[in-house]
>>> print(open('work19.tsv').read())   # TSV, C-alpha atoms
chain	number	residue	atom	x	y	z
A	11	GLY	CA	111.02	105.49	99.54
A	12	GLU	CA	113.11	104.43	102.51
A	13	SER	CA	114.64	107.16	104.62
A	14	VAL	CA	117.91	105.42	105.27
A	15	GLY	CA	119.96	108.60	105.19
A	16	LEU	CA	118.31	111.05	107.60
A	17	HIS	CA	121.52	111.51	109.57
A	18	LEU	CA	123.94	111.44	106.69
A	19	PRO	CA	126.28	114.29	105.80
A	20	THR	CA	124.75	116.24	102.95
A	21	LEU	CA	126.34	117.97	100.02
A	22	SER	CA	124.19	120.51	98.19
A	23	VAL	CA	125.29	121.69	94.76
A	24	GLN	CA	123.76	123.79	92.04
A	25	GLU	CA	122.70	122.03	88.89
A	26	GLY	CA	125.51	122.22	86.38
A	27	ASP	CA	128.26	122.58	88.96
A	28	ASN	CA	130.81	119.88	89.74
A	29	SER	CA	130.40	117.76	92.86
A	30	ILE	CA	133.10	116.19	94.98
A	31	ILE	CA	132.19	113.50	97.48
A	32	ASN	CA	134.84	112.27	99.86
A	33	CYS	CA	135.43	109.03	101.70
A	34	ALA	CA	138.04	107.97	104.23
A	35	TYR	CA	138.66	104.25	104.13
A	36	SER	CA	139.90	102.14	106.99
A	37	ASN	CA	142.38	99.53	105.78
A	38	SER	CA	145.67	100.58	104.23
A	39	ALA	CA	145.91	97.09	102.68
A	40	SER	CA	142.61	97.39	100.76
A	41	ASP	CA	143.20	96.66	97.11
A	42	TYR	CA	139.95	97.53	95.41
A	43	PHE	CA	137.42	100.31	95.85
A	44	ILE	CA	133.97	101.01	94.50
A	45	TRP	CA	131.58	103.93	94.55
A	46	TYR	CA	127.88	103.14	94.73
A	47	LYS	CA	124.86	105.35	94.18
A	48	GLN	CA	121.63	104.68	96.04
A	49	GLU	CA	118.42	106.41	95.06
A	50	SER	CA	115.48	106.52	97.41
A	51	GLY	CA	113.71	103.17	97.60
A	52	LYS	CA	116.31	101.33	95.54
A	53	GLY	CA	119.34	99.18	96.06
A	54	PRO	CA	122.87	100.56	95.64
A	55	GLN	CA	124.10	100.75	92.05
A	56	PHE	CA	127.70	100.44	90.89
A	57	ILE	CA	129.15	103.71	89.56
A	58	ILE	CA	132.89	103.29	89.19
A	59	ASP	CA	135.73	101.28	90.65
A	60	ILE	CA	139.47	101.65	91.08
A	61	ARG	CA	142.27	99.29	92.02
A	62	SER	CA	144.92	100.23	94.51
A	63	ASN	CA	147.64	100.35	91.86
A	64	MET	CA	145.90	103.34	90.28
A	65	ASP	CA	145.35	106.86	91.57
A	66	LYS	CA	142.72	108.02	89.11
A	67	ARG	CA	140.05	106.51	86.94
A	68	GLN	CA	137.51	108.24	84.74
A	69	GLY	CA	134.08	107.23	83.59
A	70	GLN	CA	131.26	109.06	81.97
A	71	ARG	CA	130.97	112.34	83.94
A	72	VAL	CA	132.54	110.67	86.97
A	73	THR	CA	136.12	110.45	88.18
A	74	VAL	CA	137.44	108.55	91.17
A	75	LEU	CA	140.67	109.63	92.86
A	76	LEU	CA	142.59	107.46	95.26
A	77	ASN	CA	145.14	108.77	97.73
A	78	LYS	CA	146.65	105.81	99.52
A	79	THR	CA	148.96	107.96	101.60
A	80	VAL	CA	146.06	109.36	103.58
A	81	LYS	CA	143.57	106.54	102.85
A	82	HIS	CA	141.23	108.84	101.00
A	83	LEU	CA	138.90	108.26	98.11
A	84	SER	CA	136.90	110.87	96.26
A	85	LEU	CA	134.18	110.85	93.62
A	86	GLN	CA	133.92	113.78	91.27
A	87	ILE	CA	130.75	114.28	89.26
A	88	ALA	CA	130.94	116.76	86.42
A	89	ALA	CA	128.02	118.99	85.47
A	90	THR	CA	125.81	117.64	88.22
A	91	GLN	CA	122.24	116.90	87.17
A	92	PRO	CA	119.01	116.48	89.16
A	93	GLY	CA	119.18	112.75	88.48
A	94	ASP	CA	122.43	112.63	90.44
A	95	SER	CA	120.57	113.33	93.67
A	96	ALA	CA	121.11	110.24	95.80
A	97	VAL	CA	123.18	108.79	98.60
A	98	TYR	CA	126.72	107.83	97.58
A	99	PHE	CA	128.73	105.11	99.31
A	100	CYS	CA	132.32	104.09	99.01
A	101	ALA	CA	133.32	100.47	99.59
A	102	GLU	CA	136.72	98.89	100.12
A	103	LYS	CA	137.90	95.32	99.73
A	104	SER	CA	140.91	93.68	101.33
A	105	PRO	CA	143.19	91.27	99.44
A	106	GLY	CA	142.19	87.63	99.60
A	107	THR	CA	138.56	88.33	100.40
A	108	TYR	CA	135.39	89.01	98.46
A	109	LYS	CA	133.75	90.99	101.21
A	110	TYR	CA	133.44	94.73	101.14
A	111	ILE	CA	133.32	97.30	103.93
A	112	PHE	CA	130.92	100.11	103.16
A	113	GLY	CA	131.11	103.70	104.32
A	114	THR	CA	128.02	105.29	105.85
A	115	GLY	CA	127.38	107.45	102.81
A	116	THR	CA	126.92	111.07	101.74
A	117	ARG	CA	123.66	112.51	100.49
A	118	LEU	CA	123.98	114.63	97.37
A	119	LYS	CA	121.25	117.20	96.75
A	120	VAL	CA	121.14	118.96	93.43
A	121	LEU	CA	119.55	122.40	93.54
A	122	ALA	CA	117.74	123.71	90.49
B	20	ASP	CA	117.91	94.93	88.69
B	21	ALA	CA	116.41	92.40	86.35
B	22	GLY	CA	118.88	89.65	87.32
B	23	ILE	CA	118.50	89.71	91.09
B	24	THR	CA	115.12	89.84	92.74
B	25	GLN	CA	114.06	90.06	96.35
B	26	SER	CA	110.72	89.23	97.83
B	27	PRO	CA	108.65	90.41	99.46
B	28	ARG	CA	109.22	94.10	98.85
B	29	TYR	CA	107.60	95.01	102.16
B	30	LYS	CA	106.83	92.84	105.18
B	31	ILE	CA	105.28	93.49	108.56
B	32	THR	CA	105.61	90.75	111.14
B	33	GLU	CA	105.09	90.31	114.85
B	34	THR	CA	107.76	89.84	117.45
B	35	GLY	CA	108.64	86.18	117.88
B	36	ARG	CA	107.48	85.04	114.46
B	37	GLN	CA	109.73	83.38	111.95
B	38	VAL	CA	110.05	85.19	108.65
B	39	THR	CA	111.98	84.37	105.49
B	40	LEU	CA	113.23	86.87	102.96
B	41	MET	CA	113.86	85.52	99.50
B	42	CYS	CA	116.64	86.31	97.06
B	43	HIS	CA	116.94	84.92	93.56
B	44	GLN	CA	119.55	85.67	90.89
B	45	THR	CA	119.56	84.54	87.29
B	46	TRP	CA	123.27	84.93	86.48
B	47	SER	CA	124.56	81.81	88.28
B	48	HIS	CA	126.83	84.06	90.29
B	49	SER	CA	128.95	82.18	92.80
B	50	TYR	CA	128.89	84.75	95.57
B	51	MET	CA	125.81	86.00	97.35
B	52	PHE	CA	125.41	88.29	100.33
B	53	TRP	CA	122.83	89.62	102.75
B	54	TYR	CA	123.15	93.12	104.19
B	55	ARG	CA	120.96	95.18	106.42
B	56	GLN	CA	120.79	98.94	106.18
B	57	ASP	CA	119.86	101.11	109.14
B	58	LEU	CA	119.92	104.81	109.86
B	59	GLY	CA	123.44	105.87	110.71
B	60	HIS	CA	124.98	102.44	110.12
B	61	GLY	CA	125.27	102.08	106.39
B	62	LEU	CA	125.34	98.54	105.03
B	63	ARG	CA	126.26	95.77	107.46
B	64	LEU	CA	126.98	92.21	106.37
B	65	ILE	CA	124.73	89.53	107.85
B	66	TYR	CA	125.74	86.39	105.94
B	67	TYR	CA	127.55	85.51	102.76
B	68	SER	CA	128.01	82.49	100.56
B	69	ALA	CA	130.79	81.54	98.16
B	70	ALA	CA	128.85	78.74	96.47
B	71	ALA	CA	125.98	76.34	97.00
B	72	ASP	CA	126.16	74.76	100.46
B	73	ILE	CA	128.93	77.14	101.56
B	74	THR	CA	127.85	79.93	103.89
B	75	ASP	CA	129.55	82.03	106.53
B	76	LYS	CA	128.65	84.64	109.10
B	77	GLY	CA	129.11	88.34	108.69
B	78	GLU	CA	129.36	90.98	111.39
B	79	VAL	CA	125.69	90.97	112.49
B	80	SER	CA	124.56	87.34	112.06
B	81	ASP	CA	122.91	86.74	115.45
B	82	GLY	CA	119.24	85.86	115.05
B	83	TYR	CA	119.55	85.05	111.35
B	84	VAL	CA	119.91	81.82	109.42
B	85	VAL	CA	120.67	81.26	105.74
B	86	SER	CA	120.76	78.36	103.35
B	87	ARG	CA	122.06	77.92	99.83
B	88	SER	CA	120.92	74.60	98.43
B	89	LYS	CA	120.86	76.04	94.91
B	90	THR	CA	123.26	78.55	93.39
B	91	GLU	CA	120.49	80.92	92.39
B	92	ASN	CA	118.68	81.18	95.72
B	93	PHE	CA	119.86	82.55	99.03
B	94	PRO	CA	116.98	82.89	101.53
B	95	LEU	CA	117.46	84.70	104.83
B	96	THR	CA	115.41	83.57	107.82
B	97	LEU	CA	114.78	85.43	111.02
B	98	GLU	CA	114.16	82.61	113.45
B	99	SER	CA	112.28	84.68	116.03
B	100	ALA	CA	111.89	88.25	114.88
B	101	THR	CA	112.73	91.11	117.25
B	102	ARG	CA	112.06	94.82	116.91
B	103	SER	CA	115.78	95.45	116.52
B	104	GLN	CA	115.59	93.52	113.26
B	105	THR	CA	113.37	96.17	111.74
B	106	SER	CA	115.48	97.28	108.81
B	107	VAL	CA	115.90	97.34	105.06
B	108	TYR	CA	117.51	94.13	103.84
B	109	PHE	CA	119.55	93.92	100.65
B	110	CYS	CA	120.69	90.85	98.85
B	111	ALA	CA	123.65	91.07	96.48
B	112	SER	CA	125.50	88.75	94.14
B	113	SER	CA	128.88	88.75	92.46
B	114	GLY	CA	129.99	86.54	89.63
B	115	ILE	CA	133.62	87.51	89.56
B	116	ASP	CA	136.23	86.15	91.88
B	117	ARG	CA	137.73	88.06	94.74
B	118	ASP	CA	139.51	90.48	92.43
B	119	GLY	CA	136.37	91.29	90.59
B	120	TYR	CA	133.84	93.96	89.97
B	121	GLY	CA	131.83	94.18	93.13
B	122	TYR	CA	128.25	93.46	93.81
B	123	THR	CA	124.94	93.82	92.09
B	124	PHE	CA	122.22	94.57	94.62
B	125	GLY	CA	118.56	93.71	94.69
B	126	SER	CA	115.91	96.34	95.34
B	127	GLY	CA	115.62	95.51	99.01
B	128	THR	CA	113.01	94.26	101.46
B	129	ARG	CA	111.70	96.66	104.07
B	130	LEU	CA	110.93	94.60	107.17
B	131	THR	CA	109.01	95.99	110.11
B	132	VAL	CA	108.75	93.98	113.32
B	133	VAL	CA	105.94	95.11	115.59
>>> encode(input="work19.tsv", output="structure tokens")
Amino acid sequence: GESVGLHLPTLSVQEGDNSIINCAYSNSASDYFIWYKQESGKGPQFIIDIRSNMDKRQGQRVTVLLNKTVKHLSLQIAATQPGDSAVYFCAEKSPGTYKYIFGTGTRLKVLA
Amino acid sequence: DAGITQSPRYKITETGRQVTLMCHQTWSHSYMFWYRQDLGHGLRLIYYSAAADITDKGEVSDGYVVSRSKTENFPLTLESATRSQTSVYFCASSGIDRDGYGYTFGSGTRLTVV
């Protein structure tokens, strides 16, 4: 697969532990945020989203937290599994636009 | 993703040649996008389109041309390929309006310019 993340920050976690991936976004006016997962050789896949009027949203094994005060977004993955190994991107959208700004990503490695 | 396909999957071309990357979606999504992904840069927007015959430049559009004569197709053309255009190219579509649910990405085209 493509090696698009050779210089990315890497988070290594033991299988079964919880993972927390962080993202600092750039625009305090951004109103919508998404976390994407990208496995090697594939396109990014939607994981979970959150609007700016929320501070927490939960999905299946994933939780996104939004702290607008410090422009920080985090993705929590519970009971991390080998299949969670991938690069994770956050993306932000400004009001009145349908374009997203993507972060550079974090590589998650799950250790057996 | 079954609904958005990119072709070719891999392409090697020579400097100066014209090359076209294809993107086709089956959802009749209004919005379509082209991104390139490079080491250390994440995803950067090349061009986007809000509907058929409506296109606009992104942050790295120089050297690229797009067209959108039909809603389902959004080809990206490199008019005269350069080595700096070696990259992985992703097409994406979105069927919701600007308050919507984000993009669905294709599987990507790895382009090498030699």
>>> interface_residues(input="work19.tsv", of="chain A", to="chain B", cutoff="12 Å", atoms="all atoms listed in the file", output="tab-separated table (two decimals) with C-alpha atoms, in the frame of the given file")
chain	number	residue	atom	x	y	z
A	11	GLY	CA	111.02	105.49	99.54
A	12	GLU	CA	113.11	104.43	102.51
A	13	SER	CA	114.64	107.16	104.62
A	14	VAL	CA	117.91	105.42	105.27
A	15	GLY	CA	119.96	108.60	105.19
A	16	LEU	CA	118.31	111.05	107.60
A	17	HIS	CA	121.52	111.51	109.57
A	18	LEU	CA	123.94	111.44	106.69
A	19	PRO	CA	126.28	114.29	105.80
A	40	SER	CA	142.61	97.39	100.76
A	41	ASP	CA	143.20	96.66	97.11
A	42	TYR	CA	139.95	97.53	95.41
A	43	PHE	CA	137.42	100.31	95.85
A	44	ILE	CA	133.97	101.01	94.50
A	45	TRP	CA	131.58	103.93	94.55
A	46	TYR	CA	127.88	103.14	94.73
A	47	LYS	CA	124.86	105.35	94.18
A	48	GLN	CA	121.63	104.68	96.04
A	49	GLU	CA	118.42	106.41	95.06
A	50	SER	CA	115.48	106.52	97.41
A	51	GLY	CA	113.71	103.17	97.60
A	52	LYS	CA	116.31	101.33	95.54
A	53	GLY	CA	119.34	99.18	96.06
A	54	PRO	CA	122.87	100.56	95.64
A	55	GLN	CA	124.10	100.75	92.05
A	56	PHE	CA	127.70	100.44	90.89
A	57	ILE	CA	129.15	103.71	89.56
A	58	ILE	CA	132.89	103.29	89.19
A	59	ASP	CA	135.73	101.28	90.65
A	60	ILE	CA	139.47	101.65	91.08
A	61	ARG	CA	142.27	99.29	92.02
A	62	SER	CA	144.92	100.23	94.51
A	97	VAL	CA	123.18	108.79	98.60
A	98	TYR	CA	126.72	107.83	97.58
A	99	PHE	CA	128.73	105.11	99.31
A	100	CYS	CA	132.32	104.09	99.01
A	101	ALA	CA	133.32	100.47	99.59
A	102	GLU	CA	136.72	98.89	100.12
A	103	LYS	CA	137.90	95.32	99.73
A	104	SER	CA	140.91	93.68	101.33
A	105	PRO	CA	143.19	91.27	99.44
A	106	GLY	CA	142.19	87.63	99.60
A	107	THR	CA	138.56	88.33	100.40
A	108	TYR	CA	135.39	89.01	98.46
A	109	LYS	CA	133.75	90.99	101.21
A	110	TYR	CA	133.44	94.73	101.14
A	111	ILE	CA	133.32	97.30	103.93
A	112	PHE	CA	130.92	100.11	103.16
A	113	GLY	CA	131.11	103.70	104.32
A	114	THR	CA	128.02	105.29	105.85
A	115	GLY	CA	127.38	107.45	102.81
A	116	THR	CA	126.92	111.07	101.74
>>> residues_around(input="work19.tsv", residues="Leu118 (chain A)", least_positions_apart="4", cutoff="6 Å", atoms="only C-alpha atoms", output="number ranges by chain")
A: 20-22, 95-96
>>> atom_distance(input="work19.tsv", atom1="CA of Val79 (chain B)", atom2="CA of Ile65 (chain B)")
5.0 Å
>>> residues_near_point(input="work19.tsv", point="(111.1, 82.2, 117.5)", cutoff="9 Å", atoms="only C-alpha atoms", output="count of residues only")
8
>>> atom_distance(input="work19.tsv", atom1="CA of Ile23 (chain B)", atom2="CA of Val84 (chain B)")
20.0 Å
>>> closest_residue(input="work19.tsv", among="A:Asp94, A:Ala89, A:Ala34, A:Ala39", to="Leu76 (chain A)", atoms="only C-alpha atoms")
A:Ala34
>>> closest_residue(input="work19.tsv", among="B:Thr39, B:Thr32, B:Thr24, B:Thr45", to="Thr105 (chain B)", atoms="all atoms listed in the file")
B:Thr32
>>> axis_aligned_box(input="work19.tsv", around="region 40-58 of chain B", padding_each_side="5 Å", output="JSON")
{"center_x": 121.1, "center_y": 93.3, "center_z": 98.2, "size_x": 25.7, "size_y": 33.0, "size_z": 33.4}
>>> atom_distance(input="work19.tsv", atom1="CA of Lys30 (chain B)", atom2="CA of Arg117 (chain A)")
26.3 Å
>>> closest_residue(input="work19.tsv", among="B:Asn92, B:Asp72, B:Pro27, B:Tyr83", to="Gln104 (chain B)", atoms="all atoms listed in the file")
B:Tyr83
>>> residues_near_point(input="work19.tsv", point="(124.9, 121.6, 93.0)", cutoff="8 Å", atoms="all atoms listed in the file", output="list in words")
Ser22, Val23, Gln24, Glu25, Gly26, Asp27, Asn28, Ser29, Thr90, Gln91, Lys119, Val120, Leu121 and Ala122 of chain A
>>> closest_residue(input="work19.tsv", among="B:Thr101, B:Ser112, B:Met41, B:Arg55", to="Ser86 (chain B)", atoms="all atoms listed in the file")
B:Met41
>>> closest_residue(input="work19.tsv", among="A:Ser38, A:Ser84, A:Asn32, A:Asn77", to="Met64 (chain A)", atoms="all atoms listed in the file")
A:Asn77
>>> decode(input="work19.tsv", residues="region 74-95 of chain B", atoms="N, CA, C and O atoms", output="compact mmCIF listing (two decimals), in the first residue's frame")
# COMPACT_ATOMS: atom_id res chain seq x y z
N THR B 74 -17.33 24.53 -11.48
CA THR B 74 -16.09 24.06 -10.86
C THR B 74 -15.34 25.26 -10.31
O THR B 74 -15.54 26.40 -10.75
N ASP B 75 -14.45 24.98 -9.36
CA ASP B 75 -13.66 26.06 -8.78
C ASP B 75 -12.34 25.52 -8.28
O ASP B 75 -12.21 24.32 -7.98
N LYS B 76 -11.36 26.40 -8.20
CA LYS B 76 -10.02 26.00 -7.81
C LYS B 76 -9.89 25.81 -6.31
O LYS B 76 -10.51 26.53 -5.52
N GLY B 77 -9.03 24.86 -5.95
CA GLY B 77 -8.65 24.69 -4.57
C GLY B 77 -7.30 25.34 -4.32
O GLY B 77 -6.88 26.24 -5.06
N GLU B 78 -6.59 24.85 -3.31
CA GLU B 78 -5.34 25.50 -2.92
C GLU B 78 -4.15 25.13 -3.78
O GLU B 78 -3.14 25.85 -3.79
N VAL B 79 -4.21 24.03 -4.55
CA VAL B 79 -3.06 23.58 -5.34
C VAL B 79 -3.50 23.24 -6.77
O VAL B 79 -3.22 22.17 -7.29
N SER B 80 -4.16 24.16 -7.43
CA SER B 80 -4.77 23.89 -8.74
C SER B 80 -3.84 24.08 -9.93
O SER B 80 -4.16 23.63 -11.04
N ASP B 81 -2.69 24.73 -9.76
CA ASP B 81 -1.82 24.99 -10.89
C ASP B 81 -1.39 23.69 -11.56
O ASP B 81 -0.91 22.76 -10.91
N GLY B 82 -1.55 23.66 -12.90
CA GLY B 82 -1.14 22.49 -13.66
C GLY B 82 -2.22 21.45 -13.84
O GLY B 82 -2.01 20.44 -14.50
N TYR B 83 -3.38 21.71 -13.27
CA TYR B 83 -4.51 20.78 -13.34
C TYR B 83 -5.72 21.45 -14.00
O TYR B 83 -5.90 22.66 -13.89
N VAL B 84 -6.52 20.63 -14.64
CA VAL B 84 -7.77 21.08 -15.25
C VAL B 84 -8.84 20.06 -14.93
O VAL B 84 -8.56 18.86 -14.89
N VAL B 85 -10.06 20.52 -14.70
CA VAL B 85 -11.18 19.61 -14.46
C VAL B 85 -12.34 19.99 -15.38
O VAL B 85 -12.39 21.08 -15.94
N SER B 86 -13.26 19.06 -15.47
CA SER B 86 -14.52 19.32 -16.17
C SER B 86 -15.61 18.55 -15.45
O SER B 86 -15.33 17.57 -14.74
N ARG B 87 -16.84 19.00 -15.63
CA ARG B 87 -17.96 18.29 -15.01
C ARG B 87 -19.19 18.46 -15.92
O ARG B 87 -20.12 19.17 -15.59
N SER B 88 -19.15 17.79 -17.04
CA SER B 88 -20.27 17.88 -17.98
C SER B 88 -21.45 17.04 -17.52
O SER B 88 -22.60 17.34 -17.86
N LYS B 89 -21.17 16.01 -16.73
CA LYS B 89 -22.23 15.18 -16.16
C LYS B 89 -22.05 15.11 -14.65
O LYS B 89 -20.92 15.09 -14.17
N THR B 90 -23.13 15.04 -13.93
CA THR B 90 -23.08 15.02 -12.47
C THR B 90 -22.20 13.89 -11.95
O THR B 90 -21.48 14.06 -10.97
N GLU B 91 -22.24 12.74 -12.60
CA GLU B 91 -21.58 11.57 -12.05
C GLU B 91 -20.08 11.48 -12.33
O GLU B 91 -19.40 10.66 -11.73
N ASN B 92 -19.58 12.30 -13.24
CA ASN B 92 -18.17 12.21 -13.62
C ASN B 92 -17.43 13.50 -13.33
O ASN B 92 -17.95 14.60 -13.58
N PHE B 93 -16.19 13.34 -12.86
CA PHE B 93 -15.39 14.52 -12.54
C PHE B 93 -13.92 14.19 -12.86
O PHE B 93 -13.12 13.93 -11.97
N PRO B 94 -13.55 14.20 -14.12
CA PRO B 94 -12.17 13.87 -14.49
C PRO B 94 -11.19 14.99 -14.16
O PRO B 94 -11.52 16.16 -14.25
N LEU B 95 -10.00 14.59 -13.79
CA LEU B 95 -8.90 15.51 -13.48
C LEU B 95 -7.80 15.30 -14.52
O LEU B 95 -7.33 14.18 -14.70
